[in-house]
$ cat work22.cif   # mmCIF, C-alpha atoms
data_final
#
loop_
_atom_site.label_atom_id
_atom_site.label_comp_id
_atom_site.auth_asym_id
_atom_site.auth_seq_id
_atom_site.Cartn_x
_atom_site.Cartn_y
_atom_site.Cartn_z
CA MET I 1 40.64 -69.18 -92.33
CA GLY I 2 42.28 -66.44 -94.38
CA GLY I 3 40.66 -63.51 -92.66
CA ASN I 4 42.98 -60.64 -91.83
CA SER I 5 46.19 -62.62 -91.64
CA PRO I 6 47.31 -64.21 -94.92
CA CYS I 7 48.12 -67.90 -94.84
CA ALA I 8 51.72 -69.06 -95.32
CA SER I 9 51.10 -69.73 -99.03
CA CYS I 10 49.71 -66.32 -99.82
CA LYS I 11 52.46 -64.69 -97.77
CA LEU I 12 55.12 -66.51 -99.79
CA LEU I 13 53.35 -65.90 -103.08
CA ARG I 14 52.76 -62.29 -102.10
CA ARG I 15 49.11 -62.20 -102.89
CA ARG I 16 45.88 -61.42 -101.18
CA CYS I 17 44.60 -64.33 -99.10
CA ALA I 18 41.00 -64.83 -100.14
CA LYS I 19 38.34 -66.06 -97.75
CA ASP I 20 38.07 -69.29 -99.74
CA CYS I 21 41.83 -69.69 -100.21
CA ILE I 22 42.42 -73.41 -100.86
CA PHE I 23 45.74 -73.38 -99.01
CA ALA I 24 44.71 -71.47 -95.91
CA PRO I 25 43.28 -74.40 -93.86
CA TYR I 26 46.46 -76.45 -94.32
CA PHE I 27 49.25 -73.91 -94.40
CA PRO I 28 48.83 -71.62 -91.41
CA SER I 29 50.95 -68.47 -91.25
CA ASP I 30 52.86 -69.69 -88.17
CA ASP I 31 54.57 -72.46 -90.19
CA PRO I 32 56.02 -70.88 -93.33
CA HIS I 33 58.51 -73.69 -93.87
CA LYS I 34 55.75 -76.21 -94.52
CA PHE I 35 54.47 -74.43 -97.62
CA ALA I 36 57.93 -73.35 -98.72
CA ILE I 37 59.13 -76.91 -99.04
CA VAL I 38 56.00 -78.13 -100.82
CA HIS I 39 56.18 -75.17 -103.21
CA LYS I 40 59.86 -75.88 -103.91
CA VAL I 41 59.26 -79.53 -104.84
CA PHE I 42 55.80 -79.57 -106.38
CA GLY I 43 55.00 -75.95 -107.18
CA ALA I 44 52.08 -73.97 -105.78
CA SER I 45 49.87 -74.33 -108.82
CA ASN I 46 50.35 -78.14 -108.95
CA VAL I 47 49.51 -78.41 -105.25
CA SER I 48 46.44 -76.23 -105.76
CA LYS I 49 45.26 -78.41 -108.66
CA MET I 50 45.86 -81.60 -106.64
CA LEU I 51 43.88 -80.29 -103.68
CA GLN I 52 41.03 -79.08 -105.88
CA GLU I 53 40.65 -82.58 -107.30
CA LEU I 54 40.18 -84.05 -103.84
CA PRO I 55 37.11 -84.02 -101.58
CA VAL I 56 37.56 -81.63 -98.66
CA HIS I 57 37.78 -84.39 -96.01
CA GLN I 58 40.84 -85.88 -97.74
CA ARG I 59 42.81 -82.71 -98.27
CA ALA I 60 44.47 -82.58 -94.85
CA ASP I 61 45.94 -86.06 -95.33
CA ALA I 62 47.01 -85.20 -98.86
CA VAL I 63 48.85 -82.12 -97.60
CA SER I 64 50.56 -84.17 -94.88
CA SER I 65 51.77 -86.73 -97.40
CA LEU I 66 52.92 -84.01 -99.81
CA VAL I 67 54.89 -82.33 -97.03
CA TYR I 68 56.42 -85.71 -96.12
CA GLU I 69 57.41 -86.40 -99.73
CA ALA I 70 58.78 -82.91 -100.21
CA ASN I 71 60.90 -83.22 -97.06
CA ALA I 72 62.17 -86.59 -98.23
CA ARG I 73 63.13 -85.15 -101.59
CA VAL I 74 64.95 -82.20 -100.04
CA ARG I 75 66.84 -84.53 -97.66
CA ASP I 76 67.69 -86.95 -100.46
CA PRO I 77 67.54 -85.23 -103.86
CA VAL I 78 68.34 -88.46 -105.72
CA TYR I 79 66.07 -91.04 -104.12
CA GLY I 80 63.53 -89.00 -102.14
CA CYS I 81 60.80 -91.21 -100.66
CA VAL I 82 62.07 -94.16 -102.67
CA GLY I 83 65.15 -94.27 -100.45
CA ALA I 84 62.94 -94.65 -97.39
CA ILE I 85 60.90 -97.40 -99.09
CA SER I 86 64.06 -99.28 -100.03
CA TYR I 87 65.45 -98.99 -96.50
CA LEU I 88 62.22 -100.13 -94.88
CA GLN I 89 61.89 -103.07 -97.29
CA ASN I 90 65.34 -104.23 -96.19
CA GLN I 91 64.30 -103.91 -92.55
CA VAL I 92 61.22 -106.03 -93.16
CA SER I 93 63.25 -108.69 -94.99
CA GLN I 94 65.80 -108.89 -92.19
CA LEU I 95 63.10 -109.17 -89.55
CA GLN I 96 61.32 -111.88 -91.50
CA MET I 97 64.59 -113.84 -91.73
CA GLN I 98 65.18 -113.49 -87.99
CA LEU I 99 61.60 -114.58 -87.37
CA ALA I 100 62.03 -117.62 -89.60
CA VAL I 101 65.16 -118.65 -87.69
CA ALA I 102 63.41 -118.20 -84.35
CA GLN I 103 60.37 -120.18 -85.52
CA ALA I 104 62.64 -122.99 -86.71
CA GLU I 105 64.26 -123.04 -83.29
CA ILE I 106 60.85 -123.33 -81.60
CA LEU I 107 60.01 -126.20 -83.90
CA CYS I 108 63.20 -128.03 -82.97
CA ILE I 109 62.47 -127.56 -79.29
CA GLN I 110 58.93 -128.84 -79.73
CA MET I 111 60.14 -131.85 -81.68
CA GLN I 112 62.65 -132.70 -78.97
CA GLN I 113 59.94 -132.57 -76.33
CA GLU I 114 57.41 -134.73 -78.20
CA PRO I 115 57.54 -138.52 -77.85
CA VAL I 116 59.14 -140.38 -80.80
CA MET I 117 56.59 -140.99 -83.52
CA PRO I 118 56.84 -142.63 -86.92
CA THR I 119 57.99 -140.13 -89.52
CA PRO I 120 54.97 -139.05 -91.54
CA GLN I 121 55.15 -139.36 -95.31
CA MET I 122 56.14 -135.99 -96.66
CA ASP I 123 54.18 -134.75 -99.64
CA PRO I 124 56.79 -133.43 -102.07
CA ASP I 125 54.19 -131.12 -103.56
CA ASP I 126 53.31 -129.55 -100.22
CA LYS I 127 54.39 -125.98 -100.57
CA SER I 128 52.87 -124.70 -97.36
CA SER I 129 55.51 -123.02 -95.33
CA TYR I 130 54.45 -122.11 -91.83
CA LEU I 131 57.92 -120.79 -91.16
CA PHE I 132 57.69 -117.89 -93.54
CA ASN I 133 55.21 -115.11 -93.88
CA ASP I 134 53.77 -114.29 -97.26
CA SER I 135 56.52 -112.72 -99.30
CA LEU I 136 56.56 -108.93 -99.23
CA PRO I 137 55.67 -107.39 -102.55
CA GLN I 138 58.87 -105.90 -103.89
CA TYR I 139 57.99 -102.35 -104.74
CA LEU I 140 61.33 -101.49 -106.21
CA ASN I 141 64.97 -102.54 -106.49
CA PHE I 142 66.57 -99.26 -105.71
CA SER I 143 69.35 -99.08 -103.17
CA SER I 144 69.69 -95.75 -101.56
CA SER I 145 73.06 -94.10 -101.49
CA SER I 146 71.99 -91.87 -98.66
CA ASN I 147 72.12 -92.91 -95.01
CA VAL I 148 71.02 -89.56 -93.65
CA ILE I 149 67.27 -90.14 -93.77
CA HIS I 150 67.19 -93.75 -92.58
CA ASP I 151 66.85 -93.27 -88.85
CA SER I 152 64.12 -90.69 -89.21
CA PHE I 153 62.03 -92.88 -91.53
CA LYS I 154 62.39 -95.84 -89.19
CA ARG I 155 60.29 -94.34 -86.46
CA GLU I 156 58.66 -91.29 -88.01
CA SER I 157 54.92 -91.28 -87.62
CA ILE I 158 53.35 -89.58 -90.58
CA PHE I 159 49.76 -89.31 -89.59
CA GLY I 160 48.00 -89.11 -86.29
CA HIS I 161 45.51 -91.75 -87.35
CA ASP I 162 45.52 -95.07 -89.09
CA MET I 163 45.48 -94.26 -92.77
CA VAL I 164 46.04 -97.71 -94.16
CA SER I 165 42.81 -99.50 -94.96
CA MET A 1 70.78 -78.34 -133.43
CA SER A 2 68.03 -80.51 -132.08
CA HIS A 3 67.13 -84.18 -131.68
CA SER A 4 65.65 -85.69 -134.85
CA THR A 5 62.92 -87.19 -132.67
CA ARG A 6 61.68 -85.01 -129.83
CA CYS A 7 61.77 -86.50 -126.33
CA ALA A 8 58.49 -87.14 -124.54
CA ALA A 9 58.95 -83.95 -122.52
CA CYS A 10 59.45 -81.67 -125.49
CA LYS A 11 56.65 -83.40 -127.39
CA SER A 12 54.31 -82.82 -124.47
CA LEU A 13 55.46 -79.22 -124.07
CA LYS A 14 55.21 -78.70 -127.80
CA ARG A 15 58.66 -77.29 -128.17
CA ARG A 16 61.84 -77.95 -130.05
CA CYS A 17 64.03 -80.61 -128.45
CA PRO A 18 67.61 -79.30 -128.34
CA LYS A 19 70.59 -81.67 -128.47
CA ASP A 20 71.46 -80.81 -124.88
CA CYS A 21 67.87 -81.24 -123.62
CA VAL A 22 68.18 -82.10 -119.90
CA LEU A 23 65.09 -84.28 -119.95
CA ALA A 24 65.66 -86.17 -123.23
CA PRO A 25 67.86 -88.99 -121.85
CA TYR A 26 65.30 -89.86 -119.16
CA PHE A 27 62.00 -89.32 -120.93
CA PRO A 28 62.17 -91.15 -124.25
CA PRO A 29 59.42 -90.56 -126.81
CA ASN A 30 58.23 -94.18 -126.64
CA ASN A 31 56.99 -93.66 -123.05
CA PRO A 32 54.84 -90.52 -122.97
CA GLN A 33 53.01 -91.64 -119.80
CA ARG A 34 56.20 -91.43 -117.76
CA PHE A 35 56.68 -87.74 -118.46
CA ALA A 36 52.95 -87.04 -118.24
CA CYS A 37 52.91 -88.20 -114.58
CA VAL A 38 56.05 -86.28 -113.66
CA HIS A 39 54.74 -83.19 -115.43
CA LYS A 40 51.41 -83.39 -113.60
CA ILE A 41 52.89 -83.83 -110.13
CA PHE A 42 56.18 -81.97 -110.16
CA GLY A 43 55.86 -79.76 -113.23
CA ALA A 44 58.30 -79.61 -116.14
CA SER A 45 60.42 -76.78 -114.82
CA ASN A 46 60.73 -78.28 -111.29
CA THR A 47 61.69 -81.61 -112.84
CA THR A 48 64.34 -79.93 -114.95
CA LYS A 49 65.67 -77.95 -111.96
CA MET A 50 65.83 -81.05 -109.75
CA LEU A 51 67.66 -83.09 -112.40
CA GLU A 52 70.07 -80.28 -113.17
CA GLN A 53 71.06 -80.16 -109.49
CA LEU A 54 72.18 -83.78 -109.62
CA PRO A 55 75.54 -84.98 -110.93
CA LEU A 56 75.21 -86.60 -114.37
CA HIS A 57 75.81 -90.16 -113.17
CA LEU A 58 72.89 -89.88 -110.70
CA ARG A 59 70.33 -88.30 -112.98
CA ALA A 60 68.99 -91.55 -114.41
CA VAL A 61 68.17 -93.01 -110.99
CA GLY A 62 66.90 -89.58 -109.89
CA ALA A 63 64.52 -89.49 -112.84
CA ASP A 64 63.37 -93.05 -112.11
CA CYS A 65 62.60 -92.16 -108.50
CA MET A 66 60.71 -89.04 -109.46
CA SER A 67 58.78 -91.06 -112.00
CA PHE A 68 57.94 -93.68 -109.36
CA GLU A 69 56.76 -91.04 -106.88
CA ALA A 70 54.76 -89.22 -109.53
CA SER A 71 53.00 -92.34 -110.79
CA SER A 72 52.27 -93.40 -107.18
CA ARG A 73 50.71 -90.00 -106.57
CA VAL A 74 48.63 -90.21 -109.76
CA GLU A 75 47.41 -93.65 -108.64
CA ASP A 76 46.76 -92.51 -105.08
CA PRO A 77 46.20 -88.74 -105.03
CA VAL A 78 45.82 -88.61 -101.23
CA TYR A 79 48.82 -90.60 -100.00
CA GLY A 80 51.00 -91.31 -103.04
CA SER A 81 54.12 -93.33 -102.24
CA VAL A 82 53.78 -92.41 -98.57
CA ARG A 83 51.14 -95.14 -98.29
CA ILE A 84 53.82 -97.73 -99.03
CA ILE A 85 56.05 -96.26 -96.32
CA SER A 86 53.22 -96.43 -93.82
CA GLN A 87 52.44 -100.05 -94.74
CA LEU A 88 56.09 -101.03 -94.37
CA GLN A 89 56.33 -99.33 -90.98
CA GLU A 90 53.32 -101.33 -89.84
CA GLN A 91 54.87 -104.55 -91.11
CA ILE A 92 58.06 -103.77 -89.20
CA ILE A 93 56.10 -103.27 -85.98
CA GLU A 94 54.22 -106.54 -86.50
CA ALA A 95 57.37 -108.49 -87.33
CA GLN A 96 59.20 -107.05 -84.31
CA SER A 97 56.31 -107.96 -82.04
CA GLU A 98 56.18 -111.50 -83.45
CA LEU A 99 59.95 -111.85 -83.04
CA VAL A 100 59.86 -110.74 -79.40
CA LYS A 101 57.02 -113.19 -78.72
CA THR A 102 58.86 -116.07 -80.42
CA LYS A 103 62.14 -115.33 -78.65
CA GLY A 104 60.20 -115.22 -75.38
CA GLU A 105 58.88 -118.72 -76.09
CA ILE A 106 62.39 -119.97 -76.81
CA ASP A 107 63.69 -118.47 -73.55
CA PHE A 108 60.79 -120.05 -71.66
CA HIS A 109 61.52 -123.49 -73.12
CA ASN A 110 65.22 -123.14 -72.36
CA ALA A 111 64.49 -122.08 -68.80
CA GLN A 112 62.17 -125.06 -68.33
CA GLN A 113 64.84 -127.43 -69.61
CA GLN A 114 67.41 -125.95 -67.25
CA LEU A 115 65.03 -126.32 -64.35
CA GLN A 116 64.45 -130.00 -65.17
CA GLN A 117 68.17 -130.69 -65.46
CA GLN A 118 69.12 -128.84 -62.28
CA PRO A 119 68.20 -131.47 -59.63
CA MET A 120 69.86 -134.15 -61.79
CA GLN A 121 73.07 -132.12 -61.89
CA GLN A 122 72.97 -131.50 -58.15
CA LEU A 123 72.57 -135.22 -57.44
CA GLN A 124 75.37 -136.10 -59.82
CA MET A 125 77.58 -133.64 -58.01
CA ILE A 126 76.74 -135.05 -54.60
CA HIS A 127 77.19 -138.64 -55.79
CA ALA A 128 80.61 -137.77 -57.23
CA ILE A 129 81.70 -136.14 -53.98
CA ALA A 130 80.38 -139.07 -51.97
CA GLN A 131 82.30 -141.55 -54.10
CA GLU A 132 85.55 -139.65 -53.57
CA GLY A 133 86.04 -140.82 -50.06
CA GLU A 134 82.92 -140.87 -48.02
CA ASP A 135 80.93 -144.03 -47.12
CA GLN A 136 77.76 -142.18 -47.28
CA PRO A 137 76.76 -138.75 -48.26
CA LEU A 138 77.21 -136.40 -45.31
CA TRP A 139 73.70 -135.09 -45.53
CA LEU A 140 72.25 -138.48 -44.69
CA SER A 141 73.63 -138.25 -41.16
CA SER A 142 71.18 -136.28 -39.17
CA SER A 143 73.78 -135.32 -36.55
CA GLN A 144 75.84 -133.54 -39.19
CA GLN A 145 75.30 -129.94 -40.19
CA ASP A 146 74.14 -129.47 -43.72
CA PRO A 147 77.38 -129.55 -45.78
CA PHE A 148 75.57 -128.38 -48.86
CA PRO A 149 73.63 -125.37 -47.73
CA ASN A 150 72.70 -124.44 -51.26
CA VAL A 151 71.08 -127.75 -52.10
CA ASN A 152 67.36 -128.21 -51.67
CA GLN A 153 67.28 -130.96 -49.03
CA GLN A 154 63.67 -131.91 -49.53
CA LEU A 155 64.22 -132.27 -53.23
CA LEU A 156 67.22 -134.52 -52.66
CA GLU A 157 65.34 -136.64 -50.16
CA ASP A 158 62.48 -137.04 -52.57
CA TYR A 159 64.85 -138.19 -55.29
CA ASN A 160 66.77 -140.40 -52.90
CA TYR A 161 63.67 -142.40 -51.98
CA SER A 162 62.50 -142.66 -55.55
CA ASN A 163 63.38 -146.16 -56.82
CA THR A 164 63.14 -145.17 -60.41
CA PHE A 165 65.36 -142.09 -60.39
CA CYS A 166 68.00 -142.91 -62.96
CA GLY A 167 69.29 -145.91 -60.96
CA PHE A 168 71.06 -143.88 -58.25
CA GLU A 169 71.13 -145.66 -54.93
CA PHE A 170 72.45 -144.24 -51.69
#

$ encode --input "work22.cif" --output "structure tokens"
Amino acid sequence: MGGNSPCASCKLLRRRCAKDCIFAPYFPSDDPHKFAIVHKVFGASNVSKMLQELPVHQRADAVSSLVYEANARVRDPVYGCVGAISYLQNQVSQLQMQLAVAQAEILCIQMQQEPVMPTPQMDPDDKSSYLFNDSLPQYLNFSSSSNVIHDSFKRESIFGHDMVS
Amino acid sequence: MSHSTRCAACKSLKRRCPKDCVLAPYFPPNNPQRFACVHKIFGASNTTKMLEQLPLHLRAVGADCMSFEASSRVEDPVYGSVRIISQLQEQIIEAQSELVKTKGEIDFHNAQQQLQQQPMQQLQMIHAIAQEGEDQPLWLSSSQQDPFPNVNQQLLEDYNYSNTFCGFEF
């Protein structure tokens, strides 16, 4: 890395690309836009500090997520990534509602098919609800004013591997 | 002229806080952590530039979002708020899959019900036609051609000879 050809960061910053340049492995010279956008939003020195604080095996993922956030912020200067989170939360809520309705319908069908049985005593304190999934933690209450980013965040795959533990 | 009390940004940057400080309305002095995160991740001058590019009425929510992203990144230096997006995308996929499965079960049950009702409906139809003017259903006469080519004859014969089938008698 580095070598004769400066990485995208050093090219943009107009400096010599050292052999141990921290940016070089993640910002190759053939993709100048990637560093440009991260530099615009976070600043080169902040990105450098962030990467230095991370173990080497986590830096690639960190760069990917920084690029993702920077793109989101450029696309939506007000809400950035938060707009995507808000949109996706709504999607999850709607799907959970549809699922609840469908599960209730299945229950009705099953009840119609079963022979008539005495009604069991309902425990008024029984809060178990098999019709609803656990409620989604509400990360925020923002509503995005921008519709431009929504479709891309719906299907966009950020990482090539499963990052969520 | 400057603010009597410096905002969190100017306090952190150790500078005078002018009356028209861009950051002052969104980084009050009673919450230094908020600006500290934003300063660490975005930098003071980037934060100022980004807020200045927004119309006034959107700056508060813009500052809140930047603050949320910055604090997420401080908490999770590798993935930041992108982790939440990834988790939500996974939840959407799971919920969609569950919904397709459940709707499939509903369709299966409905199809089964239709299948069970079908012979009953066919017999009702034949019985009604027979009662309109025939002494016996045409298909009982072996010399006749099948007047109901679409009806499953074997099925009808099975039902016809069943004593317990809903009381129909031919």

$ interface_residues --input "work22.cif" --of "chain I" --to "chain A" --cutoff "6 Å" --atoms "all atoms listed in the file" --output "PyMOL selection string"
chain I and resi 42+62+65+78-79+85+92+99

$ resolve_selection --input "work22.cif" --expression "the PyMOL selection byres ((chain I and resi 29) around 7)" --output "MDAnalysis selection string"
chainID I and resid 6:8 27:28 30:32

$ atom_distance --input "work22.cif" --atom1 "atom CA of Gln110 of chain I" --atom2 "atom CA of Gln91 of chain I"
28.5 Å

$ resolve_selection --input "work22.cif" --expression "the PyMOL selection byres ((chain A and resi 21-31) around 7)" --output "VMD selection string"
chain A and resid 6 to 9 17 to 20 32 to 35 48 60 63

$ atom_distance --input "work22.cif" --atom1 "atom CA of Gln116 of chain A" --atom2 "atom CA of Met111 of chain I"
17.2 Å

$ resolve_selection --input "work22.cif" --expression "the PyMOL selection byres ((chain I and resi 9) around 12)" --output "MDAnalysis selection string"
chainID I and resid 2 5:8 10:18 21:40 43:45 47:48

$ atom_distance --input "work22.cif" --atom1 "atom CA of Ser86 of chain I" --atom2 "atom CA of Leu66 of chain I"
18.9 Å
